[in-house]
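Undergrad: Provided herewith: start_24.cif, mmCIF, C-alpha atoms.
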```
data_my_file
#
loop_
_atom_site.label_atom_id
_atom_site.label_comp_id
_atom_site.auth_asym_id
_atom_site.auth_seq_id
_atom_site.Cartn_x
_atom_site.Cartn_y
_atom_site.Cartn_z
CA MET U 1 6.75 -9.96 -17.50
CA LEU U 2 8.04 -6.79 -19.13
CA LYS U 3 4.55 -6.05 -20.37
CA ASP U 4 3.24 -6.23 -16.80
CA ALA U 5 6.03 -3.95 -15.62
CA VAL U 6 5.25 -1.36 -18.28
CA PHE U 7 1.53 -1.53 -17.51
CA GLN U 8 2.09 -1.17 -13.78
CA THR U 9 4.50 1.74 -14.27
CA ALA U 10 1.94 3.47 -16.50
CA ALA U 11 -0.70 2.95 -13.79
CA ALA U 12 1.74 4.38 -11.23
CA GLY U 13 2.19 7.41 -13.47
CA LEU U 14 -1.58 7.98 -13.79
CA GLY U 15 -1.99 7.54 -10.03
CA THR U 16 0.79 10.04 -9.37
CA LEU U 17 -0.89 12.51 -11.72
CA GLY U 18 -4.14 11.99 -9.81
CA PHE U 19 -2.45 12.76 -6.50
CA ALA U 20 -0.57 15.72 -7.92
CA LEU U 21 -4.00 17.14 -8.89
CA LEU U 22 -5.37 16.25 -5.48
CA PHE U 23 -2.52 18.09 -3.74
CA ARG U 24 -3.25 20.98 -6.10
CA VAL U 25 0.15 21.10 -7.68
CA PRO U 26 0.02 24.01 -10.18
CA ARG U 27 -0.91 22.82 -13.68
CA ASN U 28 2.37 23.81 -15.31
CA LYS U 29 4.25 21.59 -12.86
CA LEU U 30 2.02 18.52 -13.14
CA LEU U 31 4.16 16.84 -15.78
CA ALA U 32 7.33 17.19 -13.70
CA ALA U 33 5.52 15.77 -10.66
CA THR U 34 4.14 12.82 -12.66
CA ILE U 35 7.58 11.93 -14.03
CA GLY U 36 8.77 11.60 -10.43
CA GLY U 37 6.24 8.83 -9.75
CA ILE U 38 7.09 6.99 -12.96
CA LEU U 39 10.78 7.24 -12.14
CA ALA U 40 10.19 5.88 -8.63
CA TRP U 41 8.24 2.82 -9.75
CA ALA U 42 10.45 2.04 -12.78
CA LEU U 43 13.53 2.15 -10.56
CA TYR U 44 11.86 0.04 -7.88
CA LEU U 45 10.96 -2.65 -10.46
CA GLY U 46 14.43 -2.43 -11.97
CA VAL U 47 16.19 -3.00 -8.65
CA ARG U 48 13.80 -5.85 -7.81
CA ALA U 49 14.39 -7.46 -11.22
CA LEU U 50 18.14 -7.33 -10.62
CA GLY U 51 17.55 -9.31 -7.42
CA GLY U 52 17.62 -6.37 -4.98
CA GLU U 53 16.05 -6.76 -1.55
CA LEU U 54 12.74 -5.07 -0.72
CA PHE U 55 14.52 -2.61 1.55
CA LEU U 56 17.17 -1.72 -1.00
CA ALA U 57 14.64 -1.28 -3.83
CA ASN U 58 12.51 1.11 -1.77
CA LEU U 59 15.54 3.00 -0.54
CA ALA U 60 16.93 3.44 -4.06
CA ALA U 61 13.59 4.53 -5.52
CA ALA U 62 12.83 6.98 -2.68
CA ALA U 63 16.34 8.44 -2.86
CA ALA U 64 16.02 8.87 -6.63
CA VAL U 65 12.68 10.71 -6.31
CA SER U 66 14.10 12.92 -3.56
CA LEU U 67 17.10 13.82 -5.68
CA TYR U 68 14.83 14.45 -8.66
CA ALA U 69 12.57 16.68 -6.53
CA GLU U 70 15.52 18.70 -5.20
CA LEU U 71 16.84 19.22 -8.74
CA MET U 72 13.45 20.17 -10.19
CA ALA U 73 12.78 22.54 -7.31
CA ARG U 74 15.98 24.42 -8.03
CA ARG U 75 15.47 24.37 -11.76
CA ILE U 76 11.98 25.84 -11.77
CA HIS U 77 12.01 27.69 -8.43
CA ALA U 78 9.24 25.79 -6.67
CA PRO U 79 9.12 24.09 -3.25
CA VAL U 80 10.62 20.58 -3.15
CA ILE U 81 7.45 19.10 -1.64
CA LEU U 82 5.55 19.77 -4.91
CA PHE U 83 7.55 17.02 -6.62
CA LEU U 84 8.43 14.82 -3.67
CA ALA U 85 4.97 14.13 -2.21
CA PRO U 86 3.28 12.94 -5.45
CA GLY U 87 6.38 11.06 -6.61
CA ILE U 88 6.65 9.00 -3.45
CA ILE U 89 3.02 7.80 -3.65
CA PRO U 90 3.52 4.66 -5.81
CA LEU U 91 6.08 3.38 -3.29
CA LEU U 92 3.68 3.56 -0.35
CA PRO U 93 2.83 0.08 0.92
CA GLY U 94 -0.95 0.43 0.44
CA GLY U 95 -1.30 -3.20 -0.63
CA VAL U 96 0.65 -4.87 2.19
CA LEU U 97 -0.76 -2.47 4.76
CA TYR U 98 -4.26 -3.51 3.71
CA ARG U 99 -3.39 -7.22 3.79
CA THR U 100 -1.75 -6.79 7.21
CA MET U 101 -4.92 -5.20 8.54
CA LEU U 102 -7.06 -7.93 7.00
CA ALA U 103 -4.86 -10.67 8.49
CA LEU U 104 -5.00 -8.92 11.85
CA ILE U 105 -8.80 -8.87 12.08
CA GLN U 106 -9.10 -12.39 10.69
CA GLY U 107 -6.56 -13.77 13.16
CA ASP U 108 -4.40 -15.03 10.30
CA PRO U 109 -0.85 -15.96 11.47
CA ALA U 110 0.50 -14.42 8.23
CA VAL U 111 0.12 -11.08 10.00
CA ARG U 112 3.71 -11.29 11.31
CA THR U 113 5.35 -11.67 7.88
CA LEU U 114 3.04 -9.05 6.40
CA GLY U 115 3.68 -6.63 9.25
CA ARG U 116 7.41 -7.15 8.86
CA GLU U 117 7.13 -6.46 5.13
CA THR U 118 5.18 -3.25 5.75
CA ALA U 119 7.81 -2.09 8.24
CA ILE U 120 10.67 -2.88 5.82
CA VAL U 121 9.01 -0.91 3.01
CA CYS U 122 8.34 2.07 5.30
CA LEU U 123 11.89 2.06 6.63
CA GLY U 124 13.31 1.82 3.10
CA ILE U 125 11.28 4.81 1.89
CA ALA U 126 12.15 6.84 4.99
CA ALA U 127 15.85 6.03 4.65
CA GLY U 128 15.79 6.98 0.97
CA ILE U 129 14.18 10.37 1.62
CA VAL U 130 16.46 11.16 4.54
CA LEU U 131 19.59 10.04 2.68
CA VAL U 132 19.04 12.81 0.14
CA SER U 133 17.12 15.46 2.13
CA ALA U 134 19.38 15.66 5.16
CA PRO U 135 22.66 16.37 3.33
CA VAL U 136 20.98 18.74 0.88
CA GLN U 137 19.31 20.75 3.64
CA HIS U 138 22.58 20.82 5.55
CA LEU U 139 24.43 22.19 2.52
CA VAL U 140 21.71 24.78 1.86
CA ARG U 141 21.87 26.00 5.46
CA ALA U 142 25.66 26.13 5.43
CA ALA U 143 25.64 28.12 2.19
CA ARG U 144 23.10 30.59 3.58
CA GLN U 145 25.14 31.03 6.75
CA ARG U 146 28.24 31.81 4.73
CA LYS U 147 26.25 34.35 2.74
CA THR U 148 24.95 36.19 5.83
CA GLU U 149 28.37 36.13 7.44
CA ALA U 150 29.88 37.60 4.30
CA SER U 151 27.25 40.35 4.17
CA GLU U 152 27.73 41.22 7.85
CA ARG U 153 31.43 41.70 7.36
CA MET B 1 8.31 52.40 9.32
CA ASP B 2 6.45 53.71 12.36
CA ARG B 3 5.22 51.46 15.13
CA GLN B 4 1.73 50.93 13.71
CA ASN B 5 3.02 50.08 10.26
CA THR B 6 5.58 47.72 11.68
CA GLU B 7 2.93 45.86 13.63
CA LEU B 8 0.75 45.66 10.54
CA PHE B 9 3.70 44.51 8.46
CA LEU B 10 4.54 41.73 10.93
CA GLU B 11 0.92 40.67 11.05
CA SER B 12 0.88 40.30 7.27
CA VAL B 13 4.15 38.40 7.20
CA LEU B 14 2.87 36.04 9.88
CA LEU B 15 -0.28 35.52 7.83
CA ILE B 16 1.90 34.37 4.93
CA GLY B 17 3.71 31.97 7.26
CA LYS B 18 0.44 30.71 8.71
CA ARG B 19 -1.07 30.12 5.28
CA MET B 20 2.02 28.17 4.23
CA VAL B 21 1.82 25.86 7.24
CA GLU B 22 -1.95 25.43 6.70
CA SER B 23 -1.46 24.43 3.07
CA GLY B 24 1.17 21.78 3.71
CA ALA B 25 4.58 23.50 3.63
CA GLU B 26 7.35 22.24 5.89
CA SER B 27 7.87 24.39 8.97
CA GLN B 28 11.39 25.24 7.92
CA ARG B 29 10.09 26.68 4.67
CA ALA B 30 7.62 28.86 6.56
CA GLU B 31 10.39 30.03 8.91
CA ASP B 32 12.70 30.78 5.98
CA THR B 33 10.00 32.70 4.14
CA VAL B 34 9.04 34.99 7.02
CA THR B 35 12.72 35.53 7.86
CA ARG B 36 13.64 36.48 4.32
CA ILE B 37 10.77 38.93 3.94
CA CYS B 38 11.59 40.65 7.24
CA GLU B 39 15.26 40.88 6.34
CA ALA B 40 14.43 42.31 2.93
CA TYR B 41 12.52 45.07 4.75
CA GLY B 42 15.59 45.86 6.87
CA PHE B 43 14.65 44.13 10.12
CA THR B 44 17.01 41.99 12.14
CA VAL B 45 15.25 38.70 12.72
CA LEU B 46 15.89 37.47 16.25
CA ASN B 47 13.72 34.42 16.06
CA ALA B 48 11.32 32.79 13.62
CA TYR B 49 9.61 29.66 14.74
CA ALA B 50 6.95 27.55 13.04
CA VAL B 51 5.37 24.29 14.10
CA THR B 52 2.28 22.62 12.68
CA THR B 53 0.10 24.53 15.13
CA MET B 54 1.75 27.95 15.44
CA VAL B 55 4.00 30.54 13.77
CA GLN B 56 5.93 33.10 15.76
CA ILE B 57 8.41 35.83 14.91
CA SER B 58 10.56 38.35 16.81
CA VAL B 59 12.38 41.17 15.04
CA ARG B 60 14.39 44.28 15.90
CA ASP B 61 14.14 47.41 13.77
CA GLY B 62 16.86 49.93 12.96
CA ALA B 63 16.03 52.05 16.03
CA GLY B 64 16.54 49.07 18.33
CA ASP B 65 12.83 48.46 19.10
CA HIS B 66 11.73 44.86 19.44
CA TYR B 67 8.53 43.40 18.04
CA THR B 68 7.08 39.94 18.62
CA GLN B 69 3.93 38.40 17.19
CA SER B 70 2.52 34.93 16.92
CA ALA B 71 -0.33 33.31 15.03
CA ARG B 72 -2.15 30.09 15.83
CA VAL B 73 -2.64 27.60 12.99
CA LEU B 74 -5.95 25.84 13.36
CA SER B 75 -6.93 24.30 10.08
CA PHE B 76 -5.08 22.08 7.68
CA SER B 77 -5.83 21.32 4.07
CA THR B 78 -3.27 20.28 1.49
CA ASP B 79 -2.94 22.79 -1.31
CA LEU B 80 0.55 22.78 -2.77
CA GLY B 81 -0.53 25.28 -5.41
CA ARG B 82 -1.07 27.70 -2.56
CA VAL B 83 2.38 26.96 -1.17
CA ALA B 84 3.83 27.72 -4.59
CA ASP B 85 1.78 30.97 -4.86
CA LEU B 86 2.91 32.14 -1.42
CA ASN B 87 6.47 31.23 -2.31
CA ALA B 88 6.28 33.31 -5.49
CA LEU B 89 4.69 36.18 -3.54
CA SER B 90 7.49 36.14 -0.99
CA ARG B 91 10.14 36.22 -3.72
CA ARG B 92 8.40 39.24 -5.22
CA LEU B 93 8.17 40.97 -1.83
CA CYS B 94 11.86 40.39 -1.17
CA ALA B 95 12.83 41.78 -4.57
CA GLU B 96 10.51 44.80 -4.66
CA THR B 97 9.74 45.53 -0.97
CA PRO B 98 6.44 47.36 -1.66
CA ASP B 99 4.94 49.42 1.20
CA VAL B 100 2.67 47.81 3.80
CA ALA B 101 -0.61 48.85 2.14
CA GLU B 102 0.51 47.31 -1.15
CA LEU B 103 1.65 44.16 0.69
CA ARG B 104 -1.80 43.78 2.25
CA ARG B 105 -3.42 44.23 -1.15
CA GLU B 106 -1.16 41.55 -2.67
CA LEU B 107 -2.06 39.18 0.14
CA GLU B 108 -5.76 39.78 -0.30
CA ALA B 109 -5.43 39.30 -4.06
CA LEU B 110 -4.31 35.70 -3.56
CA PRO B 111 -7.08 33.33 -4.58
CA PRO B 112 -9.02 32.06 -1.53
CA ARG B 113 -8.95 28.44 -0.55
CA ARG B 114 -11.31 26.56 -2.84
CA ARG B 115 -13.66 23.79 -1.91
CA PRO B 116 -12.99 20.59 -3.85
CA GLY B 117 -14.36 21.12 -7.36
CA LEU B 118 -14.44 19.34 -10.71
CA TRP B 119 -10.65 19.14 -10.97
CA GLU B 120 -10.52 17.39 -7.63
CA LEU B 121 -13.32 15.02 -8.67
CA ALA B 122 -11.25 14.09 -11.73
CA ALA B 123 -8.24 13.66 -9.44
CA TYR B 124 -10.11 11.32 -7.06
CA ILE B 125 -11.34 9.19 -9.96
CA LEU B 126 -7.98 9.08 -11.73
CA ALA B 127 -5.97 8.33 -8.58
CA THR B 128 -8.22 5.55 -7.25
CA ALA B 129 -8.82 3.86 -10.63
CA ALA B 130 -5.11 3.94 -11.45
CA PHE B 131 -4.15 2.46 -8.08
CA ALA B 132 -6.80 -0.26 -8.29
CA LEU B 133 -5.13 -1.33 -11.56
CA PHE B 134 -1.68 -0.82 -10.04
CA PHE B 135 -2.48 -3.24 -7.22
CA GLY B 136 -3.60 -5.95 -9.63
CA GLY B 137 -7.29 -5.19 -10.09
CA GLY B 138 -9.17 -5.51 -13.38
CA ILE B 139 -11.01 -2.82 -15.33
CA LEU B 140 -14.23 -3.47 -13.43
CA ASP B 141 -12.41 -3.11 -10.10
CA ALA B 142 -10.96 0.19 -11.28
CA VAL B 143 -14.45 1.44 -12.17
CA ALA B 144 -15.78 0.31 -8.79
CA ALA B 145 -12.89 2.05 -6.97
CA ALA B 146 -13.62 5.21 -8.93
CA ALA B 147 -17.32 4.98 -8.03
CA VAL B 148 -16.41 4.70 -4.34
CA SER B 149 -14.09 7.68 -4.69
CA VAL B 150 -16.96 9.78 -6.05
CA VAL B 151 -18.82 9.13 -2.78
CA VAL B 152 -15.70 10.08 -0.78
CA PHE B 153 -15.44 13.22 -2.90
CA CYS B 154 -19.04 14.17 -2.11
CA MET B 155 -18.35 13.67 1.61
CA ASP B 156 -15.23 15.86 1.39
CA ARG B 157 -17.09 18.55 -0.50
CA TYR B 158 -20.37 18.72 1.35
CA LEU B 159 -19.60 17.58 4.91
CA HIS B 160 -16.98 20.29 5.55
CA PRO B 161 -14.32 17.96 6.99
CA GLU B 162 -12.33 20.92 8.36
CA ARG B 163 -15.01 21.33 11.03
CA PHE B 164 -14.65 17.74 12.26
CA ASN B 165 -11.94 16.10 14.24
CA ARG B 166 -9.56 14.91 11.53
CA PHE B 167 -9.12 11.41 12.98
CA LEU B 168 -12.82 10.74 13.42
CA TYR B 169 -13.51 12.02 9.94
CA THR B 170 -10.83 9.77 8.46
CA ALA B 171 -12.20 6.73 10.30
CA LEU B 172 -15.73 7.59 9.15
CA SER B 173 -14.84 8.06 5.49
CA SER B 174 -12.63 4.93 5.48
CA PHE B 175 -15.53 3.01 6.94
CA ALA B 176 -17.90 4.31 4.25
CA ALA B 177 -15.39 3.58 1.46
CA GLY B 178 -14.68 0.08 2.78
CA LEU B 179 -18.35 -0.81 3.20
CA LEU B 180 -19.23 0.43 -0.28
CA ALA B 181 -16.38 -1.59 -1.78
CA VAL B 182 -17.61 -4.75 -0.02
CA LEU B 183 -21.20 -4.12 -1.17
CA PHE B 184 -20.20 -3.36 -4.76
CA VAL B 185 -18.18 -6.56 -5.07
CA ARG B 186 -21.01 -8.53 -3.45
CA LEU B 187 -23.39 -7.16 -6.09
CA GLY B 188 -21.00 -8.21 -8.84
CA PHE B 189 -19.71 -4.67 -9.49
CA GLY B 190 -16.02 -5.46 -9.20
CA ARG B 191 -14.31 -8.82 -8.84
CA ASP B 192 -11.64 -8.30 -6.25
CA ALA B 193 -12.72 -6.44 -3.09
CA SER B 194 -9.14 -5.93 -1.95
CA ALA B 195 -8.07 -4.24 -5.21
CA VAL B 196 -11.06 -1.88 -4.91
CA MET B 197 -10.29 -1.09 -1.27
CA VAL B 198 -6.56 -0.63 -1.78
CA GLY B 199 -7.23 1.73 -4.69
CA ASP B 200 -9.36 3.86 -2.40
CA VAL B 201 -7.19 3.56 0.70
CA MET B 202 -4.52 5.63 -1.06
CA LEU B 203 -6.84 8.65 -0.77
CA PHE B 204 -6.63 8.62 3.01
CA ILE B 205 -2.95 7.85 3.59
CA PRO B 206 -1.30 11.00 5.04
CA THR B 207 1.57 11.08 2.53
CA LEU B 208 2.31 14.73 2.95
CA SER B 209 2.56 14.52 6.74
CA VAL B 210 4.95 11.58 6.53
CA VAL B 211 7.19 13.17 3.91
CA ASN B 212 7.32 16.51 5.72
CA SER B 213 7.85 14.81 9.05
CA LEU B 214 10.88 12.87 7.81
CA ARG B 215 12.46 15.92 6.25
CA GLU B 216 11.87 17.93 9.41
CA MET B 217 13.09 15.37 11.91
CA PHE B 218 16.37 14.93 10.13
CA SER B 219 17.06 18.62 9.75
CA ARG B 220 16.84 19.27 13.49
CA ASP B 221 13.16 20.28 13.57
CA LEU B 222 12.44 17.50 15.99
CA THR B 223 9.30 19.02 17.54
CA THR B 224 7.44 19.55 14.29
CA GLY B 225 8.68 16.28 12.85
CA LEU B 226 7.45 14.30 15.83
CA LEU B 227 4.09 16.12 15.94
CA ARG B 228 3.53 15.33 12.30
CA MET B 229 4.70 11.72 12.59
CA LEU B 230 2.33 11.15 15.50
CA GLU B 231 -0.48 12.72 13.51
CA ALA B 232 0.32 10.47 10.53
CA LEU B 233 0.36 7.37 12.74
CA LEU B 234 -2.98 8.29 14.33
CA ILE B 235 -4.50 8.86 10.90
CA THR B 236 -3.17 5.52 9.66
CA GLY B 237 -4.70 3.92 12.76
CA ALA B 238 -8.01 5.65 11.99
CA ILE B 239 -7.93 4.27 8.42
CA ALA B 240 -7.27 0.77 9.72
CA VAL B 241 -10.12 1.03 12.24
CA GLY B 242 -12.51 2.35 9.56
CA TYR B 243 -11.68 -0.42 7.08
CA ALA B 244 -11.63 -3.13 9.75
CA CYS B 245 -15.13 -2.11 10.90
CA ALA B 246 -16.30 -2.08 7.28
CA ILE B 247 -15.01 -5.60 6.68
CA LEU B 248 -16.52 -6.86 9.93
CA ALA B 249 -19.83 -5.17 9.11
CA GLY B 250 -19.68 -6.70 5.62
CA GLY B 251 -19.20 -10.11 7.24
CA VAL B 252 -22.23 -9.57 9.50
CA LEU B 253 -24.31 -8.51 6.49
CA GLY B 254 -23.28 -11.77 4.82
CA CYS B 255 -21.02 -10.29 2.18
#
```
Spit out the file's structure as C-alpha cells when you get a sec.
TA:
Amino acid sequence: MLKDAVFQTAAAGLGTLGFALLFRVPRNKLLAATIGGILAWALYLGVRALGGELFLANLAAAAAVSLYAELMARRIHAPVILFLAPGIIPLLPGGVLYRTMLALIQGDPAVRTLGRETAIVCLGIAAGIVLVSAPVQHLVRAARQRKTEASER
Amino acid sequence: MDRQNTELFLESVLLIGKRMVESGAESQRAEDTVTRICEAYGFTVLNAYAVTTMVQISVRDGAGDHYTQSARVLSFSTDLGRVADLNALSRRLCAETPDVAELRRELEALPPRRRPGLWELAAYILATAAFALFFGGGILDAVAAAAVSVVVFCMDRYLHPERFNRFLYTALSSFAAGLLAVLFVRLGFGRDASAVMVGDVMLFIPTLSVVNSLREMFSRDLTTGLLRMLEALLITGAIAVGYACAILAGGVLGC
C-alpha cells in the first residue's frame, strides 16, 4: 500500500518534471517546479488515506501547490505560473476523463458516475487554486495601490 | 523623449507585452509589466489592457500629450522560459531605464522562439512514460506510451502546428496518438491500451489555459478568463473527439 503510494508519487514527480521541460521552465527552476508536483500528489494521497472525500483531497492538494507556487515565485523572483502549471498536472483527471469518454462512446451506463467524478475532481482543483490565488492577488493589488497613493502624495 | 522616440518606445513595450501573452503569461502579468516599464520611464499610464488576442496601452507624457497603441496577438505557444526572460528584462528596464535604441537592442537580443528540439523530445518521453506508470500501466505500457509520444513530437516539430487551427490540430494529433496506442497494444507492444492512451492524453490537455483562466476569472479579468476557459473546453472536446474516433476506428479494424 505504502509502496504503491511512494511509487505513484515518484511517477508523478517524473511526469511533472517532463511537463516542466515541455513548458520550457528555465533549467535552474526545474527542481522547484518538480517538488510542486510531488507535494500535490503526496498530499492528495495523504488526505485520501485519512478518509477525505475526492473533492476535499483535490482542493487541499491544489491549494497547497498554489501556496507553494506563490511562495517560490516571491522567493526567486519568477512568475507564479512557472511553478503552478507543472505542479497541478498530477491532479488532472486524465484517467477518469478517458474512462468517461470511453463509457460515452460504448454506451456504458457507468458514464454518469464517471462524469460526476470528473466534475468533482475539476471543481476541487479549481476551488483549491482560487482559494489561494484570489486572496493573494487581492492583497498584492491593495499593496501596490497603497504604494502609488503614497508616492503621489 | 520626442514624439518619434515615444512612439518607438511604446511599440517596443507593447512587443514585450505581446510576447508575454503569446508565451503563456496571464493577461494581468502582461498589463503589469507594460505599466511598470512605462511608469519607470516617467509616463502616466492611463490604460493598459491585455486579453489573449490583443494588448493595448494608453499613456500621457510630461507635456500632456497622449499616446495609444495596440498589438494583435495571433500565435500561441507555451514557453514559460520566455515569460521568465521577459520578466527579468522588464525588471532590468525599470531599474536602469536605458534609452530607446538600447531597449530595442535588448529586445532583439532575446533568444528567438525555438522549434521543439532534443530537450522537448526528452520531455515528451519522460512525461508520457511517467504518466502511463502513474495511471497503473506496466513498464511495457510506459515504453509504448513513450513511442507514441515520439510520433506526436515529430508531428509538432515538422507539421508547424502554429499554422493550423489549434482545435483541428489537437483532434488530429489525438486521433493519431489514440490509433497508434490501439495498434501497438494489438501487436502485443503494451498490455493495457488505456494506460498507454492516458499517458499520452496528458500531452494534449490545456493545463496552462485552465490554470490561467481560473486565476484571471477570480481576479476580475472576466473577459480573458472566459475566453481562455472556452478555449480549454473546446480543446478538451477536440481531444475527446480525436480519441473517440481512434477507438471506433480501432474497433472497425478489429483491434
Undergrad: Take atom CA of B:Ser23 and atom CA of B:Asp156 and report the distance between them in Å, one decimal.
TA: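 Between atom CA of B:Ser23 and atom CA of B:Asp156 the gap is 16.3 Å.
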Undergrad: Find the distance between atom CA of B:Ser58 and atom CA of B:Glu108 and write it in Å to one decimal.
TA: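 Going from atom CA of B:Ser58 over to atom CA of B:Glu108 covers 23.7 Å.
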Undergrad: Quick one: which chain B residues come within 6 Å of chain U, and what is the nearest atom pair for each with the distance in Å to one decimal, counting only C-alpha atoms, rows ordered by chain and ascending number, as a Markdown table?
TA:
```
| residue | atom | partner | partner_atom | distance |
| --- | --- | --- | --- | --- |
| B:Thr78 | CA | U:Phe23 | CA | 5.7 |
| B:Asp79 | CA | U:Arg24 | CA | 5.1 |
| B:Leu80 | CA | U:Val25 | CA | 5.2 |
| B:Gly81 | CA | U:Val25 | CA | 4.8 |
| B:Glu120 | CA | U:Leu22 | CA | 5.7 |
| B:Ala123 | CA | U:Gly18 | CA | 4.4 |
| B:Leu126 | CA | U:Gly18 | CA | 5.2 |
| B:Ala127 | CA | U:Gly18 | CA | 4.3 |
| B:Ala130 | CA | U:Gly15 | CA | 5.0 |
| B:Phe131 | CA | U:Gly15 | CA | 5.9 |
| B:Phe134 | CA | U:Gln8 | CA | 5.3 |
| B:Val198 | CA | U:Gly95 | CA | 6.0 |
| B:Leu208 | CA | U:Ala85 | CA | 5.8 |
| B:Phe218 | CA | U:Ala134 | CA | 5.9 |
| B:Ser219 | CA | U:Ala134 | CA | 5.9 |
```
Undergrad: When you look at B:Ala25 with a cut-off of 8 Å (counting all atoms listed in the file), what residues show up, excluding the ones that are within fewer than 4 positions of it in the same chain? I need them as a CSV table (one decimal) with C-alpha atoms, keeping the file's coordinate frame.
TA:
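Resulting contents of around36.csv:
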```
chain,number,residue,atom,x,y,z
U,81,ILE,CA,7.4,19.1,-1.6
B,20,MET,CA,2.0,28.2,4.2
B,21,VAL,CA,1.8,25.9,7.2
B,29,ARG,CA,10.1,26.7,4.7
B,30,ALA,CA,7.6,28.9,6.6
B,80,LEU,CA,0.6,22.8,-2.8
B,83,VAL,CA,2.4,27.0,-1.2
B,212,ASN,CA,7.3,16.5,5.7
```
Undergrad: Given the file shown, determine the residues that the PyMOL selection byres ((chain U and resi 124) around 12) selects; report them as a ChimeraX atom specification.
TA: /U:44,53-63,88,91-93,117-123,125-131
Undergrad: Could you tell me which residues the PyMOL selection byres ((chain B and resi 167-170) around 9) grabs in this file, written as a list in words?
TA: Pro161, Phe164, Asn165, Arg166, Ala171, Leu172, Ser173, Ser174, Phe175, Phe204, Glu231, Leu234, Ile235, Thr236, Gly237, Ala238, Ile239 and Gly242 of chain B
Undergrad: Quick one: of B:Val51, B:Leu140, B:Gly24, B:Ala195, who's nearest to B:Ala84, counting all atoms listed in the file?
TA: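 Among B:Val51, B:Leu140, B:Gly24, B:Ala195, it is B:Gly24 that comes nearest to B:Ala84.
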Undergrad: In Å to one decimal, how far is atom CA of B:Arg157 from atom CA of B:Arg105?
TA: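 Atom CA of B:Arg157 lies 29.1 Å from atom CA of B:Arg105.
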Undergrad: Using only C-alpha atoms, determine which residues lie at most 6 Å from stretch 72-77 of chain B, disregarding the query and same-chain residues fewer than 3 positions distant; provide the list as a VMD selection string.
TA: chain B and resid 22 to 23 53 to 54
Undergrad: Would you save the residues from that selection as a compact mmCIF listing (two decimals), keeping the file's coordinate frame, using C-alpha atoms?
TA:
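The file below, result-v9.txt, is the result:
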```
# COMPACT_ATOMS: atom_id res chain seq x y z
CA GLU B 22 -1.95 25.43 6.70
CA SER B 23 -1.46 24.43 3.07
CA THR B 53 0.10 24.53 15.13
CA MET B 54 1.75 27.95 15.44
```
Undergrad: Box for stretch 60-65 of chain B - axis-aligned, 8 Å on each of the six sides, all listed atoms - centre and size in Å to one decimal, as lines of an AutoDock Vina configuration file.
TA:
```
center_x = 14.8
center_y = 48.2
center_z = 16.0
size_x = 20.0
size_y = 23.8
size_z = 22.1
```
Undergrad: Counting only C-alpha atoms, which of B:Ala249, B:Met229, B:Val241, B:Ile57 gets nearest to B:Ala181?
TA: B:Ala249
Undergrad: Please enumerate the residues selected by the PyMOL selection byres ((chain B and resi 149) around 7) when evaluated against the supplied file, formatted as a list of chain:residue names.
TA: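 Checking the PyMOL selection byres ((chain B and resi 149) around 7) against this file, the residues are B:Tyr124, B:Ile125, B:Thr128, B:Ala145, B:Ala146, B:Ala147, B:Val148, B:Val150, B:Val151, B:Val152, B:Phe153, B:Asp200.
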Undergrad: Residues near B:Arg104, anyone? I mean within 12 Å using only C-alpha atoms, not counting same-chain ones fewer than 6 positions away, as a list in words.
TA: Asn5, Leu8, Phe9, Leu10, Glu11, Ser12, Val13, Leu14, Leu15, Ile16, Leu89, Leu93, Pro98 and Leu110 of chain B
Undergrad: Could you write those residues out with C-alpha atoms, as a compact mmCIF listing (two decimals), keeping the file's coordinate frame?
TA:
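Result file follows (result.txt):
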```txt
# COMPACT_ATOMS: atom_id res chain seq x y z
CA ASN B 5 3.02 50.08 10.26
CA LEU B 8 0.75 45.66 10.54
CA PHE B 9 3.70 44.51 8.46
CA LEU B 10 4.54 41.73 10.93
CA GLU B 11 0.92 40.67 11.05
CA SER B 12 0.88 40.30 7.27
CA VAL B 13 4.15 38.40 7.20
CA LEU B 14 2.87 36.04 9.88
CA LEU B 15 -0.28 35.52 7.83
CA ILE B 16 1.90 34.37 4.93
CA LEU B 89 4.69 36.18 -3.54
CA LEU B 93 8.17 40.97 -1.83
CA PRO B 98 6.44 47.36 -1.66
CA LEU B 110 -4.31 35.70 -3.56
```
Undergrad: Which of these residues is nearest to B:Thr224, using only C-alpha atoms: B:Ala144, B:Val210, B:Leu179, B:Leu121?
TA: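 Between B:Ala144, B:Val210, B:Leu179, B:Leu121, the residue approaching B:Thr224 most closely is B:Val210.
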Undergrad: B:Ile139, B:Ala246, B:Leu118, B:Leu159: which is nearest B:Leu180, counting all atoms listed in the file?
TA: B:Ala246
Undergrad: B:Gln28: which residues within 9 Å, counting all atoms listed in the file, same-chain residues fewer than 3 positions away excluded, as number ranges by chain?
TA: B: 25, 31-33, 49-51, 216, 219, 221
Undergrad: Pick out the residues sitting within 7 Å of stretch 41-47 of chain B, and hand them over as a ChimeraX atom specification; count all atoms listed in the file, and ignore anything fewer than 4 positions along from it in its own chain.
TA: /B:35,37,57-62,97
